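Worksheet: the structure to be examined is printed underneath.
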Amino acid sequence: MATIPTLSNPAAAASAASIALIVPDSSRRASLARILGGLHLPVLRECPTYPESRYLEELMALDCDVFIVDLDTNVDQALGLIENICSRDAAATVMATSRSNDAGLLIRSMRAGAREFLPEPIVANTITEAVARALARREKSQQKNTVGKILMFAGAKGGSGVTTLATNFAIALTKEDAGKVLIVDMDLQMGEVALGLGFTPQFSILDALKNEERLDTDFLMTMLTRHISGLAVLASPEQYTSFHASASGVQKLFNILRHEFAFVVVDAGTTTCGAEETLLDLADTVYLVTEVSIPALRNARRLMSFMAGRDRNPHVEVILNRFNARQIEIDENSATKALARPVDWKIPNDFPSVRTAENTGVPLALKDSPISRVMHKMAVKAAGKPALAEKRSLTLRGLFSMNGQLECADAKRS
Ligand SMILES: Nc1ncnc2c1ncn2[C@@H]1O[C@H](COP(=O)(O)OP(=O)(O)OP(=O)(O)O)[C@@H](O)[C@H]1O
Ligand SMILES: [Mg+2]
C-alpha cells in the first residue's frame with residue numbers, strides 16, 4: 001500500500017500528482033502552466049472553457065488528482081463546474097483561483113466543494129503545499145475504500161473446536177501486525193469467545209443487532225472490548241437469547257466492521273441464529289473445522305458441497321482438529337478420501353495445553369505449543385506473508401514429535 005505523502009517534504013510528495021487546468025483566460029492559463037511546469041507537475045489537460053457534458057466526461061476519465069478552476073471568466077459557471085467535479089470524484093481536490101481575494105468568493109467556492117483557494121499572487125510554494133495536501137487526501141480516501149477480509153470459522157459438528165481455533169487464530173493474526181484484527185462471536189446463544197479470553201463483556205453483538213437502525217461506526221465501536229493482545233472483540237451476550245438476526249442487520253454490521261478492521265474473524269459455530277447464508281455471502285475465507293470421525297467428516301463434505309453449489313462461494317480451508325497421527329482407524333488418507341479433497345491444516349490433540357489455557361485465561365496463541373505453532377502458520381498465510389521455512393529441531397525428541405510415523409515406530413519399539 002502506498003504511503004501518505006508527508007508534508008515535511010511537499011515538493012517530493014506533490015511530484016506524483018496529475019493536474020487539470022481549467023482557466024478560460026489564456027494569459028492566466030499560460031502563467032499557471034509555466035509555474036506547474038517549473039515544479040514538474042504533469043498537466044494532463046488544459047481547458048480554455050468550462051467543460052460541459054461530453055467534454056466533462058472526457059476530463060473526468062483522465063482521473064486527475066487536482067483540478068485548478070479559475071473563477072474569473074464566469075463565476076456561476078465555474079462554481080457549477082466545481083460542484084459537478086466534486087460529486088463525480090469525491091477523492092479529487094478542486095482548487096479555485098481568482099484575481100480577487102474577496103472572502104465572499106472564497107466561501108462560495110468552498111461551499112461548491114473546492115478544498116483550496118489559491119490567492120494572488122500565485123507562487124510555486126503555495127501550489128506545492130496545496131498539491132501535497134490533495135494527494136494525502138486522495139490516499140486517505142483510497143485507504144478508506146479498501147475493505148478488510150472476513151475470515152469465518154465454522155464447525156462440521158458441535159464441539160469440533162471452532163471457538164478454540166478462531167480465538168487463537170485471531171490472536172496469532174494480531175501478532176502478525178498485518179492490520180487491525182477483530183473477532184466476532186456469532187454464537188448468540190452459547191458463545192464462549194469472551195470467556196476464553198478471560199473477560200466478561202459489558203456490551204455484546206446483541207446490542208448491535210437489536211439496534212440495526214442506529215448502527216454506525218461510532219455506535220459499534222463502543223460495543224467492542226480490547227484484549228491485552230491488541231485483538232478487538234465483539235462478544236456474544238452473557239444471557240441466553242432466542243433472538244434471530246436479520247440478514248440486513250448482519251450485512252450492515254459486517255460492512256461497517258470490514259471498513260474499520262483489516263481482518264474480521266468470525267466464530268460462526270455450527271448454527272448462527274439464522275445468519276449462515278448471509279455470512280457465507282460475506283466471507284472471503286471459510287475455515288471448516290472438523291474432527292477425524294465419520295460423522296464429522298461426512299458433515300464437512302455436506303457443507304462443502306452446499307457451499308460449492310451457491311452462486312458466491314468463498315475460499316475454503318479444511319482444518320482437521322484434534323488430529324492424532326497415531327490414530328489408525330481413520331488416518332489422513334482416509335480423511336482426504338472422505339472429504340474428497342486434501343486437508344489444509346492439522347491441529348494436534350493437546351488436551352493439557354488447552355486445559356491450562358482454559359483454566360488460566362491465557363490463550364494458547366500467547367504461548368508456545370504444538371497448537372499455537374499451527375495457528376501461527378495459518379496467521380502468516382492469512383496475512384499474505386511468505387511462509388516461514390520449517391524449523392527442524394536436531395534433537396531426536398523434536399524429530400519424533402514432528403513425524404507421526406516415527407513417533408508410532410518409537411512407541412512400538414518401547
Ligand atoms: N486441539 C485440541 N486439543 C485438545 N482439546 C481441544 C482441541 N481443540 C478444542 N479442544 C477442546 O474441545 C472442547 C470444545 O472446543 P470448542 O469449544 O472450541 O469447540 P466449538 O466447536 O466451539 O464448540 P461449540 O459447538 O460448543 O461452540 C473444549 O473443551 C476445547 O478446549
Ligand atoms: Mg463454540
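Chain lettering (A, B, ...) mirrors the order of the C-alpha cells, residue numbering begins at 1 for each chain separately, and ligand numbering begins at 1 in order of display.
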
task = Please give me, as number ranges by chain, the residues lying within 8 Å of ligand 1 when counting only C-alpha atoms and all ligand atoms.
result = A: 154-155, 157-165, 187, 190-192, 267, 269-270, 289, 321-323, 347-355, 358, 371

message = With DSSP run on the backbone, what are the strand (DSSP E) residues within segment 18-249 of chain A? I'd like them as a PyMOL selection string.
response = chain A and resi 19-22+43-47+66-70+93-97+116-118+149-155+181-185+225-226+232-234

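Of the residues under consideration (A:Ile319, A:Val147, A:Leu224, A:Leu195), A:Leu195 shows the shortest atom-to-atom contact distance to Pro363 of chain A when counting only C-alpha atoms.
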
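Nearest-residue note for Ala296 of chain A: choosing from A:Ala156, A:Val250, A:Gln189, A:Ala262, the minimum distance belongs to A:Ala156, counting only C-alpha atoms.
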
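Pairwise distance (atom CA of Phe243 of chain A, atom CA of Met223 of chain A) equals 17.7 Å.
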
key: Given only C-alpha atoms as the counted atoms, nearest of A:Thr360, A:Gly113, A:Ser100, A:Ala300 to Ser87 of chain A   = A:Gly113

Quick one: everything within 10 Å of Val362 of chain A, counting only C-alpha atoms, minus sequence neighbours fewer than 5 positions away in the same chain. Send it as a short mmCIF file (atom, residue, chain, number, x, y, z; two decimals) with N, CA and C atoms, in the first residue's frame.
```cif
data_model
loop_
_atom_site.label_atom_id
_atom_site.label_comp_id
_atom_site.auth_asym_id
_atom_site.auth_seq_id
_atom_site.Cartn_x
_atom_site.Cartn_y
_atom_site.Cartn_z
N GLY A 196 -13.14 -17.46 26.92
CA GLY A 196 -11.81 -17.99 26.58
C GLY A 196 -10.74 -16.93 26.71
N LEU A 197 -11.13 -15.68 26.52
CA LEU A 197 -10.14 -14.60 26.60
C LEU A 197 -10.09 -14.01 28.01
N GLY A 198 -10.92 -14.55 28.90
CA GLY A 198 -10.83 -14.18 30.31
C GLY A 198 -11.50 -12.87 30.67
N VAL A 354 -4.61 -27.04 26.16
CA VAL A 354 -5.94 -26.44 26.02
C VAL A 354 -6.56 -26.23 27.41
N THR A 356 -4.98 -25.92 30.31
CA THR A 356 -4.26 -24.86 31.03
C THR A 356 -4.75 -23.50 30.55
N ALA A 357 -4.89 -23.35 29.23
CA ALA A 357 -5.35 -22.06 28.67
C ALA A 357 -6.75 -21.74 29.20
N LYS A 367 1.38 -18.44 23.99
CA LYS A 367 2.48 -19.29 24.49
C LYS A 367 2.89 -20.26 23.38
#
```

ask   = What lies within 12 Å of Gly104 of chain A using only C-alpha atoms, ignoring chain neighbours under 5 positions off, as a ChimeraX atom specification?
value = /A:75,98,109-111,117

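The smallest atom-to-atom distance between Ala17 of chain A and any of A:Ile127, A:Ala379, A:Leu71, A:Cys47, using only C-alpha atoms, is found for A:Ile127.
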
Excluding Asp63 of chain A and its own-chain neighbours fewer than 6 positions away, which residues fall within 12 Å of it when counting only C-alpha atoms? Please give them as an mmCIF file with N, CA and C atoms, in the first residue's frame.
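In the end it all went to selection-v1.cif:
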```
data_model
loop_
_atom_site.group_PDB
_atom_site.id
_atom_site.type_symbol
_atom_site.label_atom_id
_atom_site.label_comp_id
_atom_site.auth_asym_id
_atom_site.auth_seq_id
_atom_site.Cartn_x
_atom_site.Cartn_y
_atom_site.Cartn_z
ATOM 1 N N ALA A 17 1.562 14.009 -8.496
ATOM 2 C CA ALA A 17 0.180 14.418 -8.774
ATOM 3 C C ALA A 17 -0.059 14.684 -10.264
ATOM 4 N N SER A 18 -1.303 14.486 -10.686
ATOM 5 C CA SER A 18 -1.678 14.851 -12.059
ATOM 6 C C SER A 18 -2.754 15.937 -11.983
ATOM 7 N N ILE A 19 -2.655 16.905 -12.911
ATOM 8 C CA ILE A 19 -3.473 18.117 -12.764
ATOM 9 C C ILE A 19 -4.252 18.438 -14.036
ATOM 10 N N ALA A 20 -5.454 18.971 -13.858
ATOM 11 C CA ALA A 20 -6.206 19.545 -14.986
ATOM 12 C C ALA A 20 -6.338 21.041 -14.720
ATOM 13 N N VAL A 43 0.577 18.388 -16.258
ATOM 14 C CA VAL A 43 -0.766 18.906 -16.542
ATOM 15 C C VAL A 43 -1.354 18.000 -17.620
ATOM 16 N N LEU A 44 -2.374 17.209 -17.233
ATOM 17 C CA LEU A 44 -2.936 16.236 -18.186
ATOM 18 C C LEU A 44 -3.839 16.918 -19.201
ATOM 19 N N ARG A 45 -4.471 18.029 -18.831
ATOM 20 C CA ARG A 45 -5.360 18.720 -19.766
ATOM 21 C C ARG A 45 -5.439 20.194 -19.418
ATOM 22 N N LEU A 56 -16.721 17.226 -20.288
ATOM 23 C CA LEU A 56 -16.510 16.997 -18.855
ATOM 24 C C LEU A 56 -16.282 15.498 -18.598
ATOM 25 N N GLU A 57 -17.065 14.669 -19.304
ATOM 26 C CA GLU A 57 -16.878 13.205 -19.173
ATOM 27 C C GLU A 57 -15.436 12.831 -19.510
ATOM 28 N N ILE A 85 -17.631 18.425 -10.532
ATOM 29 C CA ILE A 85 -16.412 17.608 -10.403
ATOM 30 C C ILE A 85 -16.415 16.894 -9.048
ATOM 31 N N ARG A 88 -18.675 13.932 -8.826
ATOM 32 C CA ARG A 88 -18.255 12.762 -9.608
ATOM 33 C C ARG A 88 -17.030 12.075 -9.024
ATOM 34 N N ASP A 89 -16.150 12.837 -8.387
ATOM 35 C CA ASP A 89 -14.923 12.250 -7.847
ATOM 36 C C ASP A 89 -14.636 12.861 -6.477
ATOM 37 N N ALA A 90 -15.163 12.195 -5.448
ATOM 38 C CA ALA A 90 -15.054 12.736 -4.085
ATOM 39 C C ALA A 90 -13.610 12.796 -3.603
ATOM 40 N N ALA A 91 -12.741 11.976 -4.206
ATOM 41 C CA ALA A 91 -11.351 11.937 -3.726
ATOM 42 C C ALA A 91 -10.484 13.005 -4.400
ATOM 43 N N ALA A 92 -11.000 13.637 -5.472
ATOM 44 C CA ALA A 92 -10.209 14.658 -6.176
ATOM 45 C C ALA A 92 -10.243 15.968 -5.396
ATOM 46 N N THR A 93 -9.243 16.792 -5.628
ATOM 47 C CA THR A 93 -9.218 18.101 -4.961
ATOM 48 C C THR A 93 -9.390 19.191 -6.011
ATOM 49 N N ARG A 138 -6.360 12.150 -1.146
ATOM 50 C CA ARG A 138 -6.726 11.057 -2.061
ATOM 51 C C ARG A 138 -6.295 9.711 -1.480
#
```

task = Return the single residue from A:Ala170, A:Leu81, A:Ala235, A:Ala132 that is closest to Ala194 of chain A, with distances computed using only C-alpha atoms.
result = A:Ala235

ask   = Which residues, written as a list in words, have at least one atom at most 10 Å from Met221 of chain A, with only C-alpha atoms counted and residues fewer than 6 positions away on the same chain left out?
value = Ala208, Leu215, Ala232, Leu234, Ile256, Leu257 and Glu260 of chain A

Would you put the residues from that selection into a file with N, CA and C atoms, as a short mmCIF file (atom, residue, chain, number, x, y, z; two decimals), in the first residue's frame?
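In the end it all went to again06.cif:
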```
data_model
loop_
_atom_site.label_atom_id
_atom_site.label_comp_id
_atom_site.auth_asym_id
_atom_site.auth_seq_id
_atom_site.Cartn_x
_atom_site.Cartn_y
_atom_site.Cartn_z
N ALA A 208 -25.83 -4.57 19.28
CA ALA A 208 -25.65 -4.01 17.93
C ALA A 208 -26.78 -4.46 17.01
N LEU A 215 -27.16 1.55 13.97
CA LEU A 215 -25.82 1.02 13.73
C LEU A 215 -24.99 1.94 12.86
N ALA A 232 -9.41 -6.88 19.00
CA ALA A 232 -10.71 -6.31 19.37
C ALA A 232 -11.75 -7.43 19.36
N LEU A 234 -15.94 -8.45 19.56
CA LEU A 234 -17.38 -8.18 19.64
C LEU A 234 -17.99 -9.47 20.17
N ILE A 256 -19.80 -2.38 8.15
CA ILE A 256 -19.12 -1.36 8.96
C ILE A 256 -17.79 -1.92 9.46
N LEU A 257 -17.83 -3.14 10.00
CA LEU A 257 -16.62 -3.71 10.60
C LEU A 257 -15.50 -3.89 9.59
N GLU A 260 -13.42 -0.91 9.12
CA GLU A 260 -12.63 -0.48 10.29
C GLU A 260 -11.48 -1.44 10.60
#
```

task = as a PyMOL selection string, please: all residues of segment 176-335 of chain A that backbone DSSP puts in alpha helix (DSSP H).
result = chain A and resi 193-197+205-210+217-221+247-260+276-282+294-308+332-335

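With distances restricted to only C-alpha atoms, A:Asp177 is the closest residue to Lys385 of chain A from A:Asp177, A:His315, A:Ile205, A:Ile183.
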